[in-house]
$ cat query-v3.pdb   # PDB, C-alpha atoms, pLDDT in the B column
ATOM      1  CA  MET A   1       0.000   0.000   0.000  1.00 44.00           C
ATOM      2  CA  GLY A   2       1.241   3.439  -0.877  1.00 46.00           C
ATOM      3  CA  GLN A   3       1.410   6.226   1.622  1.00 48.00           C
ATOM      4  CA  GLY A   4      -0.949   9.122   1.114  1.00 46.00           C
ATOM      5  CA  LYS A   5      -2.958  11.605   3.033  1.00 51.00           C
ATOM      6  CA  ALA A   6      -4.828  10.174   5.971  1.00 56.00           C
ATOM      7  CA  GLU A   7      -8.494  10.119   5.094  1.00 64.00           C
ATOM      8  CA  ARG A   8     -10.702  12.313   7.212  1.00 64.00           C
ATOM      9  CA  SER A   9     -13.648  10.695   8.923  1.00 69.00           C
ATOM     10  CA  PRO A  10     -16.982  11.903   7.490  1.00 64.00           C
ATOM     11  CA  LEU A  11     -17.924  12.627  11.102  1.00 76.00           C
ATOM     12  CA  GLU A  12     -15.160  15.233  11.398  1.00 83.00           C
ATOM     13  CA  PRO A  13     -16.003  18.721  10.169  1.00 85.00           C
ATOM     14  CA  PRO A  14     -14.028  19.531   7.011  1.00 87.00           C
ATOM     15  CA  ASP A  15     -12.070  22.735   6.546  1.00 86.00           C
ATOM     16  CA  GLY A  16     -14.292  25.774   6.246  1.00 90.00           C
ATOM     17  CA  VAL A  17     -17.158  24.563   8.418  1.00 95.00           C
ATOM     18  CA  ASP A  18     -16.106  26.967  11.168  1.00 96.00           C
ATOM     19  CA  LEU A  19     -16.428  29.993   8.869  1.00 97.00           C
ATOM     20  CA  VAL A  20     -19.941  29.052   7.752  1.00 97.00           C
ATOM     21  CA  LEU A  21     -21.045  28.314  11.333  1.00 97.00           C
ATOM     22  CA  GLU A  22     -19.475  31.547  12.594  1.00 97.00           C
ATOM     23  CA  PHE A  23     -21.468  33.395   9.933  1.00 98.00           C
ATOM     24  CA  VAL A  24     -24.848  31.708  10.495  1.00 97.00           C
ATOM     25  CA  ASN A  25     -24.583  31.770  14.282  1.00 97.00           C
ATOM     26  CA  THR A  26     -24.662  35.549  14.463  1.00 97.00           C
ATOM     27  CA  HIS A  27     -28.405  35.911  15.060  1.00 95.00           C
ATOM     28  CA  ALA A  28     -30.052  36.777  18.355  1.00 92.00           C
ATOM     29  CA  ASP A  29     -32.102  34.178  20.178  1.00 85.00           C
ATOM     30  CA  ALA A  30     -34.158  33.798  23.335  1.00 74.00           C
ATOM     31  CA  GLY A  31     -31.181  32.179  25.071  1.00 76.00           C
ATOM     32  CA  GLY A  32     -29.185  35.396  25.327  1.00 83.00           C
ATOM     33  CA  ARG A  33     -27.237  35.500  22.073  1.00 88.00           C
ATOM     34  CA  VAL A  34     -27.211  39.005  20.622  1.00 93.00           C
ATOM     35  CA  GLU A  35     -27.475  40.069  16.979  1.00 96.00           C
ATOM     36  CA  ARG A  36     -23.900  40.278  15.661  1.00 96.00           C
ATOM     37  CA  PHE A  37     -24.889  42.011  12.392  1.00 98.00           C
ATOM     38  CA  GLU A  38     -27.092  44.639  14.028  1.00 97.00           C
ATOM     39  CA  ASP A  39     -25.382  47.597  12.393  1.00 97.00           C
ATOM     40  CA  ALA A  40     -22.269  48.595  10.462  1.00 97.00           C
ATOM     41  CA  GLY A  41     -20.090  48.691  13.587  1.00 97.00           C
ATOM     42  CA  ALA A  42     -21.177  45.226  14.734  1.00 97.00           C
ATOM     43  CA  LEU A  43     -20.561  43.758  11.277  1.00 98.00           C
ATOM     44  CA  ALA A  44     -17.146  45.454  11.093  1.00 97.00           C
ATOM     45  CA  ARG A  45     -16.199  43.873  14.449  1.00 96.00           C
ATOM     46  CA  TRP A  46     -17.354  40.441  13.248  1.00 97.00           C
ATOM     47  CA  LEU A  47     -15.422  40.816   9.975  1.00 97.00           C
ATOM     48  CA  SER A  48     -12.207  41.861  11.730  1.00 95.00           C
ATOM     49  CA  GLY A  49     -12.561  39.071  14.283  1.00 95.00           C
ATOM     50  CA  ASN A  50     -12.965  36.481  11.537  1.00 95.00           C
ATOM     51  CA  GLY A  51     -10.030  37.333   9.312  1.00 94.00           C
ATOM     52  CA  PHE A  52     -11.614  39.985   7.079  1.00 95.00           C
ATOM     53  CA  PRO A  53      -9.972  43.240   8.191  1.00 92.00           C
ATOM     54  CA  VAL A  54     -11.848  46.398   7.263  1.00 93.00           C
ATOM     55  CA  GLU A  55     -10.996  50.043   7.672  1.00 90.00           C
ATOM     56  CA  ASP A  56     -13.101  52.545   9.606  1.00 87.00           C
ATOM     57  CA  GLY A  57     -16.103  53.638   7.586  1.00 90.00           C
ATOM     58  CA  GLN A  58     -15.694  50.855   5.031  1.00 94.00           C
ATOM     59  CA  VAL A  59     -18.750  48.919   6.304  1.00 97.00           C
ATOM     60  CA  THR A  60     -22.213  50.436   5.843  1.00 97.00           C
ATOM     61  CA  SER A  61     -25.675  49.865   7.261  1.00 97.00           C
ATOM     62  CA  ALA A  62     -26.614  48.373   3.881  1.00 97.00           C
ATOM     63  CA  ASP A  63     -23.774  45.853   4.303  1.00 98.00           C
ATOM     64  CA  ALA A  64     -25.149  44.863   7.722  1.00 98.00           C
ATOM     65  CA  ALA A  65     -28.633  44.406   6.234  1.00 98.00           C
ATOM     66  CA  ALA A  66     -27.166  42.319   3.383  1.00 98.00           C
ATOM     67  CA  ALA A  67     -25.259  40.182   5.901  1.00 98.00           C
ATOM     68  CA  ARG A  68     -28.466  39.538   7.892  1.00 98.00           C
ATOM     69  CA  GLU A  69     -30.356  38.605   4.715  1.00 98.00           C
ATOM     70  CA  LEU A  70     -27.648  36.203   3.530  1.00 98.00           C
ATOM     71  CA  ARG A  71     -27.317  34.714   7.001  1.00 98.00           C
ATOM     72  CA  ASP A  72     -31.079  34.198   7.320  1.00 97.00           C
ATOM     73  CA  ALA A  73     -31.243  32.544   3.895  1.00 98.00           C
ATOM     74  CA  LEU A  74     -28.429  30.169   4.872  1.00 98.00           C
ATOM     75  CA  VAL A  75     -30.146  29.368   8.197  1.00 97.00           C
ATOM     76  CA  THR A  76     -33.286  28.477   6.218  1.00 97.00           C
ATOM     77  CA  LEU A  77     -31.247  26.060   4.103  1.00 98.00           C
ATOM     78  CA  LEU A  78     -29.690  24.552   7.237  1.00 98.00           C
ATOM     79  CA  LEU A  79     -33.187  24.107   8.705  1.00 97.00           C
ATOM     80  CA  ALA A  80     -34.115  22.243   5.515  1.00 97.00           C
ATOM     81  CA  HIS A  81     -31.120  19.956   6.155  1.00 97.00           C
ATOM     82  CA  SER A  82     -32.609  19.310   9.621  1.00 96.00           C
ATOM     83  CA  GLY A  83     -35.976  18.393   8.149  1.00 95.00           C
ATOM     84  CA  ASP A  84     -37.762  21.156  10.068  1.00 93.00           C
ATOM     85  CA  GLU A  85     -41.497  20.448   9.657  1.00 89.00           C
ATOM     86  CA  THR A  86     -42.424  24.109  10.166  1.00 90.00           C
ATOM     87  CA  LEU A  87     -40.465  25.112   7.064  1.00 93.00           C
ATOM     88  CA  ASP A  88     -42.459  25.252   3.853  1.00 93.00           C
ATOM     89  CA  GLU A  89     -41.077  24.565   0.385  1.00 95.00           C
ATOM     90  CA  GLY A  90     -41.658  28.180  -0.675  1.00 97.00           C
ATOM     91  CA  ALA A  91     -39.359  29.486   2.064  1.00 97.00           C
ATOM     92  CA  VAL A  92     -36.625  27.101   0.969  1.00 98.00           C
ATOM     93  CA  ARG A  93     -36.960  28.179  -2.679  1.00 98.00           C
ATOM     94  CA  LEU A  94     -36.838  31.862  -1.675  1.00 98.00           C
ATOM     95  CA  ALA A  95     -33.698  31.220   0.388  1.00 98.00           C
ATOM     96  CA  GLU A  96     -32.054  29.342  -2.486  1.00 98.00           C
ATOM     97  CA  GLY A  97     -32.955  32.161  -4.872  1.00 98.00           C
ATOM     98  CA  HIS A  98     -31.556  34.785  -2.506  1.00 98.00           C
ATOM     99  CA  VAL A  99     -28.258  32.931  -2.084  1.00 97.00           C
ATOM    100  CA  GLN A 100     -27.995  32.552  -5.864  1.00 97.00           C
ATOM    101  CA  GLN A 101     -28.657  36.273  -6.355  1.00 97.00           C
ATOM    102  CA  VAL A 102     -25.998  37.178  -3.772  1.00 96.00           C
ATOM    103  CA  ALA A 103     -23.525  34.806  -5.455  1.00 95.00           C
ATOM    104  CA  THR A 104     -23.792  36.737  -8.720  1.00 95.00           C
ATOM    105  CA  ARG A 105     -22.569  39.881  -6.941  1.00 95.00           C
ATOM    106  CA  TYR A 106     -19.479  38.257  -5.426  1.00 93.00           C
ATOM    107  CA  PRO A 107     -17.679  36.285  -8.154  1.00 90.00           C
ATOM    108  CA  LEU A 108     -15.186  33.603  -7.216  1.00 94.00           C
ATOM    109  CA  VAL A 109     -11.929  32.664  -8.906  1.00 94.00           C
ATOM    110  CA  PRO A 110     -10.844  29.024  -9.099  1.00 94.00           C
ATOM    111  CA  VAL A 111      -7.266  28.574  -7.872  1.00 95.00           C
ATOM    112  CA  ILE A 112      -5.845  25.322  -9.208  1.00 95.00           C
ATOM    113  CA  ARG A 113      -2.713  23.752  -7.788  1.00 95.00           C
ATOM    114  CA  ALA A 114      -0.990  20.402  -8.194  1.00 97.00           C
ATOM    115  CA  ASP A 115      -2.452  19.206  -4.873  1.00 94.00           C
ATOM    116  CA  GLY A 116      -6.008  20.518  -5.283  1.00 90.00           C
ATOM    117  CA  ALA A 117      -8.220  23.441  -6.100  1.00 89.00           C
ATOM    118  CA  SER A 118     -10.070  26.120  -4.202  1.00 91.00           C
ATOM    119  CA  LEU A 119     -12.352  29.054  -4.838  1.00 93.00           C
ATOM    120  CA  LEU A 120     -11.338  32.523  -3.736  1.00 94.00           C
ATOM    121  CA  PRO A 121     -13.280  35.790  -3.786  1.00 94.00           C
ATOM    122  CA  GLN A 122     -12.093  38.470  -6.190  1.00 91.00           C
ATOM    123  CA  GLN A 123     -12.704  41.239  -3.660  1.00 92.00           C
ATOM    124  CA  ALA A 124     -11.666  42.119  -0.105  1.00 91.00           C
ATOM    125  CA  GLY A 125     -13.674  43.518   2.812  1.00 92.00           C
ATOM    126  CA  VAL A 126     -17.401  42.811   2.979  1.00 95.00           C
ATOM    127  CA  PRO A 127     -17.600  41.363  -0.562  1.00 95.00           C
ATOM    128  CA  GLY A 128     -14.616  39.138   0.234  1.00 95.00           C
ATOM    129  CA  ALA A 129     -16.286  37.846   3.375  1.00 96.00           C
ATOM    130  CA  PHE A 130     -19.561  37.069   1.604  1.00 97.00           C
ATOM    131  CA  GLY A 131     -17.645  35.479  -1.267  1.00 97.00           C
ATOM    132  CA  SER A 132     -15.589  33.369   1.150  1.00 96.00           C
ATOM    133  CA  VAL A 133     -18.722  32.073   2.868  1.00 97.00           C
ATOM    134  CA  LEU A 134     -20.276  31.173  -0.494  1.00 97.00           C
ATOM    135  CA  ALA A 135     -17.032  29.575  -1.724  1.00 96.00           C
ATOM    136  CA  THR A 136     -16.895  27.459   1.415  1.00 96.00           C
ATOM    137  CA  VAL A 137     -20.522  26.367   1.018  1.00 96.00           C
ATOM    138  CA  THR A 138     -19.751  25.365  -2.584  1.00 95.00           C
ATOM    139  CA  LEU A 139     -16.723  23.311  -1.570  1.00 93.00           C
ATOM    140  CA  LEU A 140     -18.668  21.679   1.286  1.00 95.00           C
ATOM    141  CA  ALA A 141     -21.427  20.752  -1.160  1.00 94.00           C
ATOM    142  CA  GLN A 142     -18.910  19.254  -3.573  1.00 92.00           C
ATOM    143  CA  SER A 143     -17.348  17.206  -0.763  1.00 91.00           C
ATOM    144  CA  GLY A 144     -20.738  15.897   0.388  1.00 91.00           C
ATOM    145  CA  ALA A 145     -20.512  17.639   3.768  1.00 94.00           C
ATOM    146  CA  TRP A 146     -22.966  20.506   3.077  1.00 96.00           C
ATOM    147  CA  THR A 147     -26.044  18.542   4.190  1.00 96.00           C
ATOM    148  CA  ARG A 148     -24.327  17.770   7.506  1.00 96.00           C
ATOM    149  CA  LEU A 149     -24.464  21.478   8.329  1.00 97.00           C
ATOM    150  CA  LYS A 150     -27.808  21.933  10.015  1.00 97.00           C
ATOM    151  CA  ALA A 151     -29.747  24.421  12.081  1.00 97.00           C
ATOM    152  CA  CYS A 152     -31.269  23.360  15.385  1.00 95.00           C
ATOM    153  CA  ARG A 153     -34.988  22.669  15.019  1.00 93.00           C
ATOM    154  CA  ASN A 154     -35.672  24.105  18.486  1.00 91.00           C
ATOM    155  CA  GLN A 155     -37.699  27.198  17.524  1.00 84.00           C
ATOM    156  CA  PRO A 156     -36.001  29.838  19.673  1.00 80.00           C
ATOM    157  CA  CYS A 157     -32.502  28.487  18.924  1.00 91.00           C
ATOM    158  CA  HIS A 158     -31.853  27.708  15.229  1.00 92.00           C
ATOM    159  CA  PHE A 159     -28.134  27.499  16.087  1.00 94.00           C
ATOM    160  CA  GLY A 160     -26.054  26.069  13.234  1.00 96.00           C
ATOM    161  CA  PHE A 161     -24.041  22.923  13.893  1.00 97.00           C
ATOM    162  CA  PHE A 162     -22.180  20.135  12.121  1.00 97.00           C
ATOM    163  CA  ASP A 163     -23.979  16.788  12.415  1.00 96.00           C
ATOM    164  CA  ARG A 164     -21.409  14.255  13.621  1.00 94.00           C
ATOM    165  CA  THR A 165     -23.836  11.329  13.919  1.00 94.00           C
ATOM    166  CA  ARG A 166     -23.052   8.293  11.784  1.00 92.00           C
ATOM    167  CA  ASN A 167     -26.467   8.287  10.107  1.00 92.00           C
ATOM    168  CA  GLY A 168     -26.762  12.081   9.805  1.00 91.00           C
ATOM    169  CA  SER A 169     -29.899  12.169  11.961  1.00 92.00           C
ATOM    170  CA  ALA A 170     -29.136  14.991  14.418  1.00 94.00           C
ATOM    171  CA  VAL A 171     -31.759  17.741  14.421  1.00 93.00           C
ATOM    172  CA  TYR A 172     -30.844  19.676  17.600  1.00 92.00           C
ATOM    173  CA  CYS A 173     -27.599  21.475  18.387  1.00 92.00           C
ATOM    174  CA  GLY A 174     -27.409  19.732  21.749  1.00 87.00           C
ATOM    175  CA  SER A 175     -29.272  17.767  24.364  1.00 84.00           C
ATOM    176  CA  ALA A 176     -30.621  20.903  26.077  1.00 84.00           C
ATOM    177  CA  CYS A 177     -32.551  21.928  22.956  1.00 88.00           C
ATOM    178  CA  GLY A 178     -33.782  18.364  22.434  1.00 75.00           C
ATOM    179  CA  SER A 179     -35.047  18.337  26.034  1.00 79.00           C
ATOM    180  CA  GLN A 180     -36.810  21.695  25.596  1.00 76.00           C
ATOM    181  CA  VAL A 181     -38.657  20.424  22.529  1.00 71.00           C
ATOM    182  CA  SER A 182     -39.621  17.189  24.306  1.00 69.00           C
ATOM    183  CA  MET A 183     -40.864  19.134  27.343  1.00 73.00           C
ATOM    184  CA  ARG A 184     -42.959  21.477  25.159  1.00 70.00           C
ATOM    185  CA  ALA A 185     -44.493  18.506  23.360  1.00 67.00           C
ATOM    186  CA  TYR A 186     -45.227  16.823  26.707  1.00 64.00           C
ATOM    187  CA  ARG A 187     -46.917  19.965  28.055  1.00 73.00           C
ATOM    188  CA  GLN A 188     -49.006  20.317  24.888  1.00 76.00           C
ATOM    189  CA  ARG A 189     -50.152  16.689  25.184  1.00 75.00           C
ATOM    190  CA  LYS A 190     -51.063  17.204  28.860  1.00 72.00           C
ATOM    191  CA  LYS A 191     -52.940  20.382  28.019  1.00 73.00           C
ATOM    192  CA  ALA A 192     -54.829  18.644  25.196  1.00 75.00           C
ATOM    193  CA  GLN A 193     -55.732  15.732  27.504  1.00 77.00           C
ATOM    194  CA  ALA A 194     -56.980  18.110  30.183  1.00 79.00           C
ATOM    195  CA  GLY A 195     -59.056  20.113  27.665  1.00 70.00           C
TER     196      GLY A 195
END

$ encode --input "query-v3.pdb" --output "structure tokens"
Amino acid sequence: MGQGKAERSPLEPPDGVDLVLEFVNTHADAGGRVERFEDAGALARWLSGNGFPVEDGQVTSADAAAARELRDALVTLLLAHSGDETLDEGAVRLAEGHVQQVATRYPLVPVIRADGASLLPQQAGVPGAFGSVLATVTLLAQSGAWTRLKACRNQPCHFGFFDRTRNGSAVYCGSACGSQVSMRAYRQRKKAQAG
């Protein structure tokens, strides 16, 4: 047998997953997380903290709104990966259409090397960040890992996570959210029985 690269387990998150999860997990929730794309300043802090340095005044309120829209569309797609029953087909199609529209604004350049290929954004700053997220999603889809990125089906959470289960069946980001959903369902059954 020849020596080669050690194969990565399909249960291990591939390169780039962290960037996509960092991007989608910027929304506020009932558990205390705050909106990380609330305004231009918040987006600029997120960009700088995630390897996309920007200069003062380079990020606008429109950029923050665009980031929220792209993020929300990606969360919708991750909820579809989780099989969220509250999600209708129309919402998924709208999210797919939005992501496609955004992708046309931030073109990617294939970089081909002897040991592989990657996609890189043509621009820096906000466009570079959006392009990098979309490039990563594309590469994850090509590797077969995209559908393992999911959003928690617990309604107030919707936290993005990488499904490490062998059969790809995880639908909650953790046991606490699974317990909350079970408890709500139990209370609803009790209420229905009492009524």

$ closest_atom_pairs --input "query-v3.pdb" --of "range 61-89 of chain A" --to "range 145-158 of chain A" --cutoff "10 Å" --atoms "all atoms listed in the file" --output "CSV"
residue,atom,partner,partner_atom,distance
A:Leu74,CA,A:Ala151,CA,9.3
A:Val75,CA,A:Ala151,CA,6.3
A:Thr76,CA,A:Ala151,CA,8.0
A:Leu77,CA,A:Lys150,CA,8.0
A:Leu78,CA,A:Lys150,CA,4.3
A:Leu79,CA,A:Ala151,CA,4.8
A:Ala80,CA,A:Lys150,CA,7.8
A:His81,CA,A:Lys150,CA,5.5
A:Ser82,CA,A:Lys150,CA,5.5
A:Gly83,CA,A:Arg153,CA,8.2
A:Asp84,CA,A:Arg153,CA,5.9
A:Glu85,CA,A:Arg153,CA,8.7
A:Thr86,CA,A:Arg153,CA,9.0
A:Leu87,CA,A:Arg153,CA,10.0

$ residues_around --input "query-v3.pdb" --residues "Ala95 in chain A" --least-positions-apart "4" --cutoff "10 Å" --atoms "only C-alpha atoms" --output "list in words"
Glu69, Leu70, Arg71, Asp72, Ala73, Leu74, Val75, Thr76, Leu77, Glu89, Gly90, Ala91, Val99, Gln100 and Gln101 of chain A

$ resolve_selection --input "query-v3.pdb" --expression "the PyMOL selection byres ((chain A and resi 137) around 12)" --output "number ranges by chain"
A: 14-21, 23-24, 74, 77-78, 99-100, 103, 118-119, 130-136, 138-149

$ atom_distance --input "query-v3.pdb" --atom1 "CA of Gly174 in chain A" --atom2 "CA of Gly49 in chain A"
25.5 Å

$ atom_distance --input "query-v3.pdb" --atom1 "CA of Ala65 in chain A" --atom2 "CA of Gly31 in chain A"
22.6 Å

$ resolve_selection --input "query-v3.pdb" --expression "the PyMOL selection byres ((chain A and resi 55-63) around 7)" --output "ChimeraX atom specification"
/A:39-40,44,53-54,64-67

$ resolve_selection --input "query-v3.pdb" --expression "the PyMOL selection byres ((chain A and resi 47) around 10)" --output "ChimeraX atom specification"
/A:23,37,41-46,48-54,59,125-126,128-129

$ atom_distance --input "query-v3.pdb" --atom1 "CA of Arg184 in chain A" --atom2 "CA of Tyr172 in chain A"
14.4 Å

$ closest_residue --input "query-v3.pdb" --among "A:Asp88, A:Arg105, A:His27, A:Arg93" --to "Arg68 in chain A" --atoms "only C-alpha atoms"
A:His27

$ axis_aligned_box --input "query-v3.pdb" --around "range 19-29 of chain A" --padding-each-side "3 Å" --output "AutoDock Vina command-line options"
--center_x -24.3 --center_y 32.5 --center_z 14.0 --size_x 21.7 --size_y 14.5 --size_z 18.4

$ closest_residue --input "query-v3.pdb" --among "A:Asp163, A:Ala28, A:Val102, A:Arg36" --to "Glu12 in chain A" --atoms "only C-alpha atoms"
A:Asp163
